[in-house]
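Asks: Let me begin by handing over the structure; questions about it come next.
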There are 4 protein chains.
Amino acid sequence: MAIIKNKSPVLFFYNNSKKWLMNISKKESLHTHIGVLKHADAIGKEYGSRLMTNKDKYVYLLEPTMYDYIMKIQHGTQIVYPKDLGYIAARAGIQDGQKILEIGTGSGSMTSFVASIVKPRGHVYTFDVDEKFMKIAEKNIRRAGLSKYVTQTNLDLKTSKEIPVTEMDVALIDLGDPWVVLPKVRQMLKGSGCIFAICPTMNQLEKLTIALIENEFTDIESTEHIIRTIAAREGKTRHSFQGIGHTTYLCFARKAFFGRTAKTIAKTTAKTTAKTTAKTTAKTTKAKTTKAKTTKAKTTKAKTTKAKTIKKSTKN
Amino acid sequence: MAIIKNKSPVLFFYNNSKKWLMNISKKESLHTHIGVLKHADAIGKEYGSRLMTNKDKYVYLLEPTMYDYIMKIQHGTQIVYPKDLGYIAARAGIQDGQKILEIGTGSGSMTSFVASIVKPRGHVYTFDVDEKFMKIAEKNIRRAGLSKYVTQTNLDLKTSKEIPVTEMDVALIDLGDPWVVLPKVRQMLKGSGCIFAICPTMNQLEKLTIALIENEFTDIESTEHIIRTIAAREGKTRHSFQGIGHTTYLCFARKAFFGRTAKTIAKTTAKTTAKTTAKTTAKTTKAKTTKAKTTKAKTTKAKTTKAKTIKKSTKN
Amino acid sequence: MAIIKNKSPVLFFYNNSKKWLMNISKKESLHTHIGVLKHADAIGKEYGSRLMTNKDKYVYLLEPTMYDYIMKIQHGTQIVYPKDLGYIAARAGIQDGQKILEIGTGSGSMTSFVASIVKPRGHVYTFDVDEKFMKIAEKNIRRAGLSKYVTQTNLDLKTSKEIPVTEMDVALIDLGDPWVVLPKVRQMLKGSGCIFAICPTMNQLEKLTIALIENEFTDIESTEHIIRTIAAREGKTRHSFQGIGHTTYLCFARKAFFGRTAKTIAKTTAKTTAKTTAKTTAKTTKAKTTKAKTTKAKTTKAKTTKAKTIKKSTKN
Amino acid sequence: MAIIKNKSPVLFFYNNSKKWLMNISKKESLHTHIGVLKHADAIGKEYGSRLMTNKDKYVYLLEPTMYDYIMKIQHGTQIVYPKDLGYIAARAGIQDGQKILEIGTGSGSMTSFVASIVKPRGHVYTFDVDEKFMKIAEKNIRRAGLSKYVTQTNLDLKTSKEIPVTEMDVALIDLGDPWVVLPKVRQMLKGSGCIFAICPTMNQLEKLTIALIENEFTDIESTEHIIRTIAAREGKTRHSFQGIGHTTYLCFARKAFFGRTAKTIAKTTAKTTAKTTAKTTAKTTKAKTTKAKTTKAKTTKAKTTKAKTIKKSTKN
């Protein structure tokens with residue numbers, strides 16, 4: 001029976017839009033517009049119990065799940081939502097023991113989600129160029145208790161010649177221009193390894209799909225995921241009036257070998273990259289690239305160590 | 001570098017609707033309408049490589065993921081699809097180390113999926129009453145290499161007085177009448193533990209929601225998940241003409257304590273169960289209950305041991 | 001070339017969420033948070049021209065369409081949205097010359113929409129019991145210039161013995177308990193005539209479908225209509241972040257003759273109505289029925305004349 | 001009471017996927033896999049009645065609606081579906097008395113639909129370049145009894161210098177490259193007039209949106225419409241397992257005047273057209289343009305007269 005203690009993490013849950021995630025601190029109180037709760041009153045209670053605020057509202061003391069950490073994450077950027085994260089895990093078959101490459105750590109929500117699945121024997125190697133985000137991500141990952149399973153590196157994989165990791169099971173890309181890193185991702189991914197890219201626009205799906213074929217990927221699939229909430233009530237069941245809009249499209253593929261020589265691939269890729277970069281990249285990725293400019297491949301201090309190339313793959 | 005050997009599992013992939021999952025057997029061949037492939041030709045190749053059939057079609061030799069096992073599972077009943085499985089994992093925060101209760105093993109697809117996530121330290125306890133399905137499920141779980149993390153039991157939790165497991169992190173219910181087992185599920189679930197029920201009809205959502213409230217659950221959420229495939233092609237990107245229809249609705253909740261006495265709950269629940277059973281259960285669950293009639297709580301032989309009640313929870 | 005004059009209707013359009021529908025009144029001004037416009041400045045301009053507010057914002061002077069009237073209608077109740085109205089028209093094949101029966105006038109938006117299609121040779125006969133709504137509807141219908149094609153009657157078709165109209169091409173029902181009026185609607189509808197009911201809940205669809213079969217309707221179809229807005233922009237095309245939630249489900253059917261005697265139908269129907277009424281109607285339609293209680297079948301004054309039974313159908 | 005006579009049109013309806021539309025011919029029989037029906041047996045029956053086939057299946061004798069004509073239309077090309085047609089009518093406010101321009105007659109389904117609404121005082125002017133389609137369309141429009149309200153012209157509005165009609169209320173474009181005709185459509189449309197383009201791909205939406213802005217249109221809206229069928233049955237209500245895939249996206253706008261000189265617009269437009277034509281048009285519209293090449297602006301014989309420019313608009 002899990003009992004709440006001082007410092008225990010608790011999701012104070014009133015309803016799905018009013019909930020607060022925090023660690024119990026025996027001298028503190030939670031002040032909300034539905035009333036005040038003393039943390040001390042939660043201590044000794046079983047998770048799932050409820051307390052009444054001084055405004056007579058019941059608040060449930062829930063044990064936070066990864067879902068709660070993701071929905072309550074501190075984020076300066078768009079997060080990847082559970083509906084999309086879930087499909088990524090299910091479609092790529094993410095499971096215990098896998099090594100995951102992530103390019104574009106962002107606020108660390110996807111990082112945390114996959115780390116919670118691949119642990120304890122797997123690991124997430126995540127790369128970003130924005131030191132500010134890296135710090136936010138580090139904090140979020142630590143809060144979810146997953147730092148041990150994540151290596152954060154400040155490295156621009158778009159420009160770097162380094163191959164910091166290899167034989168990855170799955171690669172997750174959350175960049176404005178995912179096609180740029182494909183040749184490098186290929187080198188880091190094991191044969192038949194899965195790739196998932198977060199693509200908020202149709203144009204990204206289109207460009208990425210072309211680049212995936214050129215870079216010898218197969219089983220390419222672009223999807224979007226719509227979650228609809230249903231208000232189930234006696235005699236009045238219907239979909240929720242509140243609509244849920246677009247979050248992102250997803251692009252999946254698996255690394256194959258078409259049997260062409262490495263040279264041929266390099267040429268084709270170079271050509272395409274040139275073509276797509278010329279017009280588009282310039283426009284769509286301005287925000288991201290300016291960020292990258294000012295940061296050099298220095299590692300952030302605590303917990304983030306520069307990943308070494310563990311093994312060089314000769315055939316890619 | 002993962003090399004295909006004799007007995008290695010391989011997904012022979014032509015396209016998303018033409019793919020074959022099998023273990024390499026060096027003297028066998030794969031005969032399809034797109035031509036013939038000798039298994040022996042795959043041996044020694046890296047996963048991701050491709051072979052050409054005698055009809056000049058390329059077939060990729062992919063390393064099967066959990067997704068492939070689920071999509072190629074032998075099933076006599078409706079399976080739960082990856083789009084729905086993914087959301088279940090993400091919303092309930094399923095992760096390494098958890099103990100999962102499943103009522104209604106079916107063909108074992110959901111069982112395998114969650115086992116692949118909670119392993120190596122977690123475990124899935126799954127219950128069914130249909131011996132035929134239990135054997136299919138056992139085979140499917142074994143094929144995915146997950147038998148070690150799953151305990152299958154032939155026990156009708158609707159009628160049994162036993163509490164075979166307790167302190168479960170998550171309960172997954174795939175029955176026609178999920179509300180019937182709620183009082184028992186409560187006893188097996190830890191405080192704040194998550195429940196997910198597979199509900200193909202709106203009527204099930206409605207009845208279950210009412211029963212969840214009576215059984216002191218909170219954070220109740222009914223959803224449906226629509227996946228749309230996008231045909232991303234240069235200058236012609238659009239959604240796929242092929243539509244994907246309804247699979248199931250999902251109902252989520254977390255175990256709470258309303259502070260009522262156990263007696264009160266029992267009374268309310270009894271009343272409701274009587275009410276809902278009267279008319280509906282009789283109709284909607286005929287198929288399931290007739291199956292249950294003929295099977296007694298005997299455990300199937302190999303691998304399936306009758307789970308003992310590990311610990312009796314006193315407060316529920 | 002359509003020129004704006006004094007008293008011309010104009011939709012002052014800034015963007016899809018900021019637009020104002022009014023008649024030009026040469027001494028008035030439009031005061032908005034994006035600035036002030038003098039009506040007089042619009043006079044003499046061609047529809048489609050734009051004016052600049054004193055805050056340097058362009059506002060377009062559009063000629064209002066039926067869509068604009070519906071979206072800007074004064075409504076005290078939920079309106080039927082264009083996405084649903086459009087399907088009603090297309091599925092029932094509503095066209096010039098038809099006679100339409102509407103039960104539940106509401107704010108008159110559906111009334112106006114169908115009147116704009118069936119005019120000049122067709123007509124809409126609409127019935128409601130709430131005098132307040134009837135006045136709102138009357139005003140809205142008049143504003144859209146359609147009073148000539150609409151007869152509004154204050155009559156409770158659920159209880160009245162009258163058959164005020166017959167040989168209708170299409171019947172539109174917007175009541176909480178549409179199944180109650182089916183026997184009567186049958187008498188007013190021509191053979192093979194179409195029916196459409198606005199059903200915000202799944203339970204209504206279910207009850208109505210059962211009642212439609214008992215009342216000898218065929219080609220029964222329940223649908224829901226999701227409109228998704230796409231933000232089409234150079235290199236960044238994607239669905240809109242703003243989601244659109246549930247409005248209503250729609251239930252369609254056509255009047256058939258099963259060849260049973262009128263007596264048999266009456267009996268079956270009576271039984272069902274009793275059954276469904278017993279539990280459900282009591283709950284779901286409280287709001288509507290209380291309204292009905294206080295109004296007697298008096299016609300409202302101007303423009304609304306009590307429709308006479310034009311022809312008595314003997315065979316139903 | 002509408003009685004079926006010899007030559008009456010009848011929809012023989014078994015279910016939504018098994019239905020036959022034909023005119024009664026007293027010596028003929030309908031042969032289907034659900035049995036045989038003699039047309040003569042339908043004569044004298046009221047619409048809505050049913051007959052039994054020699055295989056004991058009931059078939060309903062329904063009075064065809066515009067929906068039935070559209071769904072049963074002879075089409076060599078993709079038709080526009082009722083769910084999309086309905087929104088077009090509702091969003092553009094199509095109603096009795098309007099003059100509609102259609103570019104791309106196709107099989108005449110959209111032509112027939114809008115003609116059925118704008119009649120008797122309105123008219124549809126439709127243009128195509130493919131004589132084969134024009135004949136199919138003519139037959140379909142005649143069958144629906146709407147020839148009187150439609151003028152079909154064989155004219156390539158992409159290349160022609162003619163302005164065959166003006167002051168249109170609504171323009172409907174069903175071409176692979178709708179942006180090419182925008183400057184000309186503008187000249188044919190009244191101020192504030194509505195435009196709707198059928199755009200099966202996201203790329204078309206994107207290019208068209210850019211061109212609409214350059215051609216001084218406002219209230220631009222791109223949408224897609226998803227229809228979901230619900231299987232409403234007692235105690236088992238759920239969405240249909242049968243999914244409905246993508247049909248087309250729709251792009252709406254209204255003609256405005258930005259107050260720029262005609263010269264400026266011409267220049268900008270010329271530039272854009274050049275730009276978009278260069279790469280894209282070449283690719284995406286090959287099929288359409290080759291068809292156009294071989295046909296000259298000759299009118300087809302019966303019923304189709306070359307529309308004259310009724311009035312020249314000086315200001316566009």
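Quick note on naming: the chains in the structure tokens go A, B, ... in the order shown, residues restart at 1 in each chain, and ligands are numbered from 1 in order of appearance.
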Mind listing as JSON, numbers by chain which residues of chain A are within 6 Å of chain C, counting only C-alpha atoms?

Replies: {"A": [201, 202, 203, 235, 236, 237, 238, 239, 240, 241, 242, 243, 244, 245, 246]}

Asks: Using only C-alpha atoms, which protein or nucleic acid residues come within 12 Å of Ala40 in chain D? Drop anything in the same chain fewer than 6 positions from it, and give the result as a PyMOL selection string.

Replies: chain D and resi 4-8+23-30+51

Asks: Could you check which of A:Pro183, A:Pro82, A:Pro178, A:Gly193 is closest to Asn215 in chain A, using only C-alpha atoms?

Replies: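 The answer is A:Pro183, which sits nearest to Asn215 in chain A.
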
Asks: Compile the contact shell of Pro120 in chain D as a list in words: residues with an atom at most 12 Å away, counting only C-alpha atoms, same-chain residues fewer than 5 positions apart removed.

Replies: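 Close residues of Pro120 in chain D: Gln95, Asp96, Gly97, Ile117, Val118, Lys119, Pro120, Arg121 and Gly122 of chain C; Gln95, Asp96, Gly97, Gln98, Lys99, Val114, Ala115, Gly145, Leu146, Ser147, Lys148, Tyr149 and Val150 of chain D.
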
Asks: After a least-squares superposition of chain D onto chain C, with every Cα atom paired in order, give the RMSD to one decimal place.

Replies: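 Answer to one decimal place: 0.1 Å.
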
Asks: Can you tell me, as a list in words, which residues in range 147-257 of chain B count as alpha helix (DSSP H) by DSSP?

Replies: Leu182, Pro183, Lys184, Val185, Arg186, Gln187, Met188, Met202, Asn203, Gln204, Leu205, Glu206, Lys207, Leu208, Thr209, Ile210, Ala211, Leu212, Ile213 and Glu214 of chain B

Asks: Rounded to one decimal place, report the CA of Tyr14 in chain D-CA of Thr218 in chain C distance in Å.

Replies: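 Spanning CA of Tyr14 in chain D to CA of Thr218 in chain C is a straight-line distance of 9.3 Å.
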
Asks: Would you return as a ChimeraX atom specification the members of range 111-270 of chain B that DSSP assigns to strand (DSSP E) on this structure's backbone?

Replies: /B:123-128,150-154,168-173,189-199,217-231,238-239,249-255

Asks: For a test of reading the model, state the distance in Å between CA of Ile94 in chain B and CA of Phe217 in chain B, rounded to one decimal.

Replies: 18.4 Å

Asks: I'd like the contact shell of Ile227 in chain D - 7 Å cut-off, only C-alpha atoms, skipping same-chain residues fewer than 3 positions apart - returned as a VMD selection string.

Replies: (chain C and resid 223 to 226) or (chain D and resid 83)

Asks: Kindly give the distance, in Å, that separates CA of Thr53 in chain D and CA of Val10 in chain D, rounded to a single decimal.

Replies: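 So the answer is 15.7 Å.
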
Asks: For Gly108 in chain C, which of C:Val129, C:Val124, C:Ile70, C:Ala137 is the closest residue, counting only C-alpha atoms?

Replies: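 So, comparing all the options, the nearest one is C:Ala137.
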
Asks: When distances are computed from only C-alpha atoms, which of D:Thr166, D:Thr105, D:Ile43, D:Ser192 shows the smallest separation from Gln152 in chain D?

Replies: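 When distances to Gln152 in chain D are compared using only C-alpha atoms, the smallest one comes from D:Thr105.
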